[in-house]
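Trainee: For reference, the file start.cif (mmCIF, C-alpha atoms) is included below:
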data_data
loop_
_atom_site.label_atom_id
_atom_site.label_comp_id
_atom_site.auth_asym_id
_atom_site.auth_seq_id
_atom_site.Cartn_x
_atom_site.Cartn_y
_atom_site.Cartn_z
CA MET I 1 88.85 -30.36 -62.09
CA VAL I 2 85.16 -31.29 -62.40
CA ASP I 3 83.23 -30.34 -65.54
CA ASN I 4 80.24 -28.06 -64.96
CA ARG I 5 77.89 -30.71 -66.36
CA TYR I 6 79.03 -33.24 -63.78
CA ALA I 7 78.86 -30.69 -60.98
CA THR I 8 75.29 -29.79 -61.98
CA ALA I 9 74.31 -33.47 -62.12
CA LEU I 10 75.81 -34.06 -58.66
CA VAL I 11 73.98 -31.08 -57.15
CA ILE I 12 70.64 -32.12 -58.66
CA SER I 13 71.13 -35.71 -57.50
CA CYS I 14 71.87 -34.50 -53.96
CA VAL I 15 68.67 -32.42 -53.92
CA LEU I 16 66.64 -35.38 -55.22
CA SER I 17 68.22 -37.67 -52.63
CA VAL I 18 67.42 -35.30 -49.77
CA LEU I 19 63.81 -34.88 -50.92
CA ALA I 20 63.35 -38.64 -51.29
CA THR I 21 64.84 -39.32 -47.87
CA VAL I 22 62.62 -36.70 -46.20
CA TYR I 23 59.50 -38.05 -47.93
CA LEU I 24 60.32 -41.63 -46.94
CA SER I 25 61.12 -40.67 -43.34
CA VAL I 26 57.81 -38.82 -43.00
CA ALA I 27 55.95 -41.75 -44.57
CA VAL I 28 57.53 -44.27 -42.19
CA GLY I 29 56.78 -42.13 -39.15
CA THR I 30 53.12 -41.41 -39.94
CA GLN I 31 50.04 -43.62 -39.92
CA HIS I 32 48.15 -42.50 -43.02
CA TRP I 33 49.05 -45.42 -45.29
CA TYR I 34 45.52 -46.81 -45.39
CA GLN I 35 42.35 -45.29 -43.96
CA TYR I 36 38.79 -46.45 -43.42
CA THR I 37 35.65 -44.36 -43.57
CA SER I 38 32.90 -45.64 -41.30
CA PRO I 39 29.23 -44.60 -41.17
CA PRO I 40 28.06 -42.52 -38.18
CA VAL I 41 26.89 -44.49 -35.14
CA ARG I 42 23.36 -44.19 -33.79
CA GLY I 43 21.82 -45.92 -30.77
CA GLU I 44 23.19 -46.59 -27.31
CA ALA I 45 23.68 -50.33 -28.01
CA ASN I 46 26.07 -49.58 -30.88
CA VAL I 47 27.79 -46.93 -28.77
CA SER I 48 28.50 -49.42 -26.00
CA GLU I 49 29.91 -51.91 -28.49
CA LEU I 50 32.20 -49.32 -30.04
CA ARG I 51 33.33 -48.08 -26.64
CA SER I 52 34.27 -51.66 -25.76
CA LEU I 53 36.20 -52.02 -29.03
CA HIS I 54 38.01 -48.76 -28.35
CA ASP I 55 39.04 -49.78 -24.84
CA GLU I 56 40.31 -53.14 -26.10
CA PHE I 57 42.16 -51.36 -28.92
CA MET I 58 43.93 -48.96 -26.57
CA GLU I 59 44.63 -51.17 -23.57
CA GLY I 60 43.94 -54.81 -24.48
CA GLU I 61 46.28 -57.51 -25.68
CA PHE I 62 47.60 -57.34 -29.23
CA ASP I 63 45.25 -59.22 -31.55
CA GLU I 64 44.93 -58.69 -35.29
CA LYS I 65 41.18 -59.31 -35.45
CA THR I 66 40.47 -56.98 -32.54
CA TYR I 67 42.41 -54.02 -33.85
CA SER I 68 41.24 -54.65 -37.44
CA ASP I 69 37.58 -54.64 -36.40
CA THR I 70 38.16 -51.44 -34.44
CA LEU I 71 39.84 -49.79 -37.41
CA PHE I 72 36.90 -50.79 -39.63
CA ARG I 73 34.30 -49.37 -37.23
CA LEU I 74 36.04 -46.22 -35.93
CA ASN I 75 37.41 -44.49 -39.05
CA GLY I 76 40.81 -46.07 -38.45
CA THR I 77 44.11 -45.43 -40.14
CA ILE I 78 47.06 -47.81 -40.19
CA GLY I 79 50.69 -47.31 -41.14
CA LEU I 80 53.95 -49.21 -40.77
CA TRP I 81 54.40 -48.44 -37.08
CA TRP I 82 51.09 -46.88 -35.97
CA ARG I 83 47.41 -47.74 -35.86
CA CYS I 84 44.89 -45.02 -35.00
CA VAL I 85 41.15 -44.54 -34.54
CA LEU I 86 39.00 -41.44 -34.67
CA VAL I 87 36.84 -41.15 -31.56
CA PRO I 88 34.66 -38.43 -29.99
CA SER I 89 36.21 -36.36 -27.24
CA HIS I 90 33.03 -36.31 -25.08
CA THR I 91 31.40 -39.21 -23.25
CA HIS I 92 27.85 -38.49 -24.43
CA TRP I 93 28.88 -37.69 -27.97
CA TYR I 94 26.09 -39.82 -29.53
CA LYS I 95 23.58 -37.23 -28.28
CA GLU I 96 25.30 -34.45 -30.25
CA SER I 97 24.63 -33.76 -33.90
CA ASP I 98 28.24 -32.89 -34.68
CA PRO I 99 30.58 -34.21 -31.96
CA LYS I 100 34.22 -33.16 -31.81
CA MET I 101 36.50 -35.99 -32.95
CA VAL I 102 40.06 -36.72 -31.82
CA MET I 103 42.57 -39.25 -33.11
CA LYS I 104 44.06 -41.77 -30.70
CA CYS I 105 47.01 -43.90 -31.77
CA VAL I 106 48.85 -47.00 -30.59
CA SER I 107 52.26 -48.00 -31.92
CA PHE I 108 53.31 -51.45 -33.05
CA THR I 109 56.11 -52.74 -30.84
CA LEU I 110 59.06 -54.56 -32.36
CA THR I 111 57.72 -57.84 -30.94
CA GLN I 112 54.31 -57.20 -32.51
CA GLN I 113 55.94 -56.54 -35.88
CA PHE I 114 57.31 -60.09 -35.83
CA THR I 115 54.07 -61.67 -34.59
CA PRO I 116 52.82 -64.31 -37.07
CA LYS I 117 49.67 -63.70 -39.09
CA TYR I 118 47.02 -66.40 -39.22
CA LYS I 119 44.76 -67.59 -42.03
CA GLY I 120 41.84 -66.53 -39.87
CA PRO I 121 42.79 -63.20 -38.21
CA GLY I 122 42.92 -63.70 -34.45
CA ASN I 123 42.32 -67.46 -34.73
CA HIS I 124 45.55 -69.21 -33.68
CA ASN I 125 44.09 -72.60 -34.59
CA SER I 126 43.63 -71.68 -38.25
CA GLY I 127 47.33 -72.04 -39.03
CA GLU I 128 49.96 -69.45 -39.83
CA ASP I 129 49.60 -67.51 -43.07
CA MET I 130 53.23 -67.45 -44.22
CA LEU I 131 52.62 -65.06 -47.11
CA ARG I 132 50.93 -62.39 -44.98
CA THR I 133 53.49 -62.88 -42.20
CA TYR I 134 56.48 -62.22 -44.44
CA LEU I 135 54.78 -59.42 -46.36
CA TRP I 136 54.18 -57.67 -43.02
CA ARG I 137 57.78 -58.14 -41.92
CA CYS I 138 59.15 -56.95 -45.26
CA GLN I 139 57.00 -53.81 -45.24
CA PHE I 140 58.65 -52.51 -42.06
CA LEU I 141 62.19 -53.87 -42.65
CA LEU I 142 62.62 -52.65 -46.24
CA PRO I 143 62.20 -48.89 -45.54
CA ILE I 144 64.75 -49.17 -42.72
CA ILE I 145 67.16 -50.82 -45.17
CA SER I 146 66.40 -48.09 -47.73
CA LEU I 147 67.16 -45.30 -45.26
CA GLY I 148 70.30 -47.13 -44.14
CA LEU I 149 71.54 -47.36 -47.75
CA VAL I 150 70.99 -43.63 -48.25
CA VAL I 151 72.86 -42.80 -45.02
CA LEU I 152 75.73 -45.03 -46.15
CA ALA I 153 75.75 -43.32 -49.55
CA GLY I 154 75.81 -39.93 -47.83
CA LEU I 155 78.79 -40.90 -45.69
CA ILE I 156 80.69 -42.20 -48.73
CA GLY I 157 79.83 -39.03 -50.65
CA PHE I 158 81.04 -36.83 -47.78
CA CYS I 159 84.35 -38.68 -47.67
CA ALA I 160 84.64 -38.40 -51.46
CA CYS I 161 84.13 -34.62 -51.22
CA LEU I 162 86.87 -34.37 -48.62
CA CYS I 163 89.20 -36.33 -50.91
CA HIS I 164 88.13 -34.34 -54.02
CA SER I 165 87.37 -37.59 -55.85
CA LEU I 166 84.57 -38.70 -58.17
CA THR I 167 85.64 -42.35 -58.01
CA PRO I 168 82.92 -43.50 -55.52
CA THR I 169 80.13 -41.81 -57.49
CA LEU I 170 79.16 -44.98 -59.32
CA GLY I 171 78.88 -46.89 -56.05
CA ILE I 172 76.82 -44.10 -54.50
CA GLY I 173 74.48 -44.23 -57.49
CA MET I 174 74.01 -47.97 -57.08
CA LEU I 175 73.20 -47.52 -53.38
CA HIS I 176 70.51 -44.99 -54.32
CA LEU I 177 69.12 -47.40 -56.90
CA LEU I 178 68.88 -50.16 -54.29
CA ALA I 179 67.23 -47.70 -51.87
CA GLY I 180 64.62 -46.80 -54.49
CA LEU I 181 63.91 -50.48 -55.19
CA CYS I 182 63.54 -51.19 -51.46
CA THR I 183 61.06 -48.33 -51.11
CA LEU I 184 59.06 -49.53 -54.10
CA ALA I 185 59.05 -53.06 -52.66
CA THR I 186 57.78 -51.63 -49.35
CA VAL I 187 54.74 -50.10 -51.04
CA CYS I 188 54.08 -53.31 -53.01
CA CYS I 189 54.32 -55.47 -49.87
CA TYR I 190 51.98 -53.14 -47.97
CA LEU I 191 49.34 -53.09 -50.71
CA ALA I 192 49.53 -56.86 -51.14
CA GLY I 193 49.25 -57.39 -47.37
CA MET I 194 46.21 -55.12 -47.07
CA ASP I 195 44.53 -56.84 -50.02
CA LEU I 196 45.07 -60.26 -48.40
CA LEU I 197 43.77 -58.95 -45.06
CA HIS I 198 40.56 -57.74 -46.69
CA ARG I 199 40.11 -61.12 -48.36
CA VAL I 200 40.18 -63.00 -45.04
CA SER I 201 38.29 -60.33 -43.06
CA VAL I 202 34.64 -59.31 -43.23
CA LEU I 203 34.28 -55.55 -43.62
CA PRO I 204 31.11 -54.05 -42.11
CA ASP I 205 28.52 -52.56 -44.45
CA LYS I 206 29.14 -49.05 -45.76
CA VAL I 207 32.80 -49.09 -44.66
CA ASP I 208 35.12 -47.82 -47.38
CA GLY I 209 38.90 -48.04 -47.51
CA SER I 210 41.31 -45.78 -49.34
CA LEU I 211 45.03 -45.15 -49.67
CA GLY I 212 46.46 -42.38 -47.49
CA TRP I 213 48.97 -39.64 -48.18
CA SER I 214 51.77 -41.39 -46.28
CA LEU I 215 51.76 -44.21 -48.82
CA TYR I 216 51.87 -41.71 -51.68
CA LEU I 217 54.89 -40.00 -50.09
CA ALA I 218 56.71 -43.34 -49.99
CA LEU I 219 55.66 -44.00 -53.58
CA ILE I 220 57.04 -40.62 -54.68
CA SER I 221 60.34 -41.14 -52.88
CA SER I 222 61.13 -44.29 -54.89
CA PRO I 223 61.46 -42.64 -58.34
CA LEU I 224 63.28 -39.69 -56.76
CA HIS I 225 65.95 -42.08 -55.45
CA MET I 226 66.12 -43.74 -58.86
CA MET I 227 66.50 -40.41 -60.67
CA ALA I 228 69.30 -39.46 -58.29
CA ALA I 229 70.91 -42.83 -59.00
CA ALA I 230 70.66 -42.28 -62.78
CA LEU I 231 72.34 -38.87 -62.54
CA LEU I 232 75.11 -40.21 -60.33
CA VAL I 233 75.79 -43.17 -62.61
CA TRP I 234 75.80 -40.90 -65.69
CA ALA I 235 78.23 -38.47 -64.05
CA ALA I 236 80.53 -41.28 -62.95
CA ARG I 237 80.64 -43.02 -66.34
CA SER I 238 80.95 -39.82 -68.38
CA HIS I 239 83.73 -38.49 -66.17
CA SER I 240 85.54 -41.82 -66.38
CA GLN I 241 85.31 -41.92 -70.20
CA ASN I 242 86.58 -38.34 -70.52
CA TYR I 243 89.42 -39.09 -68.11
CA TYR I 244 90.56 -42.09 -70.18
CA ARG I 245 90.31 -40.06 -73.39
CA MET I 246 92.45 -37.29 -71.95
CA THR I 247 94.97 -39.81 -70.69
CA ALA I 248 95.16 -41.49 -74.08
CA TYR I 249 95.55 -38.09 -75.78
CA ARG I 250 98.42 -37.11 -73.50
CA VAL I 251 100.18 -40.45 -74.10
CA ALA I 252 99.80 -40.07 -77.84
#
Let me see the structure of the file written as structure tokens.
Mentor:
Amino acid sequence: MVDNRYATALVISCVLSVLATVYLSVAVGTQHWYQYTSPPVRGEANVSELRSLHDEFMEGEFDEKTYSDTLFRLNGTIGLWWRCVLVPSHTHWYKESDPKMVMKCVSFTLTQQFTPKYKGPGNHNSGEDMLRTYLWRCQFLLPIISLGLVVLAGLIGFCACLCHSLTPTLGIGMLHLLAGLCTLATVCCYLAGMDLLHRVSVLPDKVDGSLGWSLYLALISSPLHMMAAALLVWAARSHSQNYYRMTAYRVA
């Protein structure tokens, strides 16, 4: 028999876990982690340059400097798996006062995720930047680990429900705690990586960068996982203490 307090804690923790998992999944699958705001372009010379950057961004070889410069100049957004630019839908858009803009995106392949970062972006002779390389790899591996831990916790919880047992609750709580820490580490790695990129890159004048809503979703999911973990651990320990007290009372 499960006390109503424990049942309530388990239900609330399940709701928090589902919300956190949905938020993290949406954050991983979207590109709005960091976004740049670029000034409007005027003059056919600048238009030709930006068109060349766009073509290289969409169809050229993978190069950190090339896609970074394009993101800076074309109101780009970058996430864990996607990089996007905002471009006009018409060819002669520079002649219009308010051209219609569309977003075009390119995904990072698995091979590109493991591509080393260099001290000078795009300059292979500058030497590998180990810190930026491993921050980049951690920022896409850690959320996968976090989601995997939550799935494992869900499977264990489902089996525990079938067996009518609260014994695995403590372990499930610890898995949620680890998932929350992995998500928090993902955000920290991403912010540190972007800060290091801006230090070694030259941003054009009047280009501003800001955090996007995808990053905030990931940031929100971390404490939700931790709150779910706290409720699960409390329910497991309280139920265990009451069980031992009842056993001792019956023996006495």
Trainee: Apply the PyMOL selection byres ((chain I and resi 208) around 10) to the file shown and report the selected residues as number ranges by chain.
Mentor: I: 35-39, 72, 75, 203-207, 209-210
Trainee: Leaving out I:Leu131 and any residue of its chain fewer than 5 positions from it, which residues lie within 12 Å of it when counting all atoms listed in the file, given as an NGL selection string?
Mentor: :I and (116-119 or 136-138 or 189-190 or 192-197)
Trainee: What lies within 9 Å of I:Val102 using all atoms listed in the file, ignoring chain neighbours under 5 positions off, as a count of residues only?
Mentor: 5
Trainee: Please report the interatomic distance between atom CA of I:Glu61 and atom CA of I:Met101 in Å with one decimal.
Mentor: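 Separation of atom CA of I:Glu61 and atom CA of I:Met101: 24.7 Å.
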Trainee: Could you tell me how far atom CA of I:Arg73 sits from atom CA of I:Gln113, in Å to one decimal place?
Mentor: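 Answer for the atom CA of I:Gln113 to atom CA of I:Arg73 separation: 22.8 Å.
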Trainee: For I:Lys104, which residue out of I:Gly171, I:Val26, I:Gln31, I:Leu80 is the nearest one, using only C-alpha atoms?
Mentor: I:Gln31
Trainee: Considering only C-alpha atoms, state which residue in the set I:Phe140, I:Gly148, I:Leu191, I:Glu128 is at the smallest distance from I:Thr109.
Mentor: I:Phe140
Trainee: Suppose you want the space between atom CA of I:Thr111 and atom CA of I:Tyr23; what is it in Å?
Mentor: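 We find that atom CA of I:Thr111 and atom CA of I:Tyr23 lie 26.1 Å from each other.
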Trainee: Could you check the closest approach to I:Pro223 for each of I:Cys105, I:Thr21, I:Arg199, I:Tyr6 and tell me which residue wins, using all atoms listed in the file?
Mentor: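 Distance minimum relative to I:Pro223 lands on I:Thr21.
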Trainee: Compare I:Thr186, I:Ala218, I:Ile144, I:Glu64 by their minimum atom-to-atom distance to I:Ser201, counting all atoms listed in the file, and give me the closest one.
Mentor: I:Glu64
Trainee: Pick the closest to I:Ala235 from I:Ala185, I:Leu170, I:Leu217, I:Leu152: which is it, counting all atoms listed in the file?
Mentor: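 Under the stated criterion, the closest residue is I:Leu170.
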Trainee: Evaluating the PyMOL selection byres ((chain I and resi 183) around 12) on the displayed file yields which residues, as an MDAnalysis selection string?
Mentor: chainID I and resid 20:21 23:25 27:28 138:150 176:182 184:190 215:226
Trainee: Would you compute an axis-aligned box for stretch 186-194 of chain I, covering every atom listed for it in the file with 3 Å of margin on each side, and report centre and edge lengths in Å to one decimal as lines of an AutoDock Vina configuration file?
Mentor:
center_x = 52.0
center_y = -53.7
center_z = -50.0
size_x = 17.6
size_y = 13.3
size_z = 11.9
Trainee: Considering only C-alpha atoms, can you say which of I:Leu110, I:Leu175, I:Ala160, I:Leu50 comes closest to I:Ala229?
Mentor: I:Leu175
Trainee: Tell me which protein, DNA and RNA residues are within 9 Å of I:Ala236, counting all atoms listed in the file, leaving out same-chain ones fewer than 6 positions away, and put them as a VMD selection string.
Mentor: chain I and resid 6 166 to 170 173
Trainee: Under the PyMOL selection byres ((chain I and resi 57) around 9), which residues of this model are included? Write them out as a compact mmCIF listing (two decimals) with C-alpha atoms, keeping the file's coordinate frame.
Mentor:
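Heads up, here's the output in out-v2.txt:
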# COMPACT_ATOMS: atom_id res chain seq x y z
CA SER I 52 34.27 -51.66 -25.76
CA LEU I 53 36.20 -52.02 -29.03
CA HIS I 54 38.01 -48.76 -28.35
CA ASP I 55 39.04 -49.78 -24.84
CA GLU I 56 40.31 -53.14 -26.10
CA MET I 58 43.93 -48.96 -26.57
CA GLU I 59 44.63 -51.17 -23.57
CA GLY I 60 43.94 -54.81 -24.48
CA GLU I 61 46.28 -57.51 -25.68
CA PHE I 62 47.60 -57.34 -29.23
CA ASP I 63 45.25 -59.22 -31.55
CA THR I 66 40.47 -56.98 -32.54
CA TYR I 67 42.41 -54.02 -33.85
CA THR I 70 38.16 -51.44 -34.44
CA LEU I 71 39.84 -49.79 -37.41
CA VAL I 85 41.15 -44.54 -34.54
CA VAL I 106 48.85 -47.00 -30.59
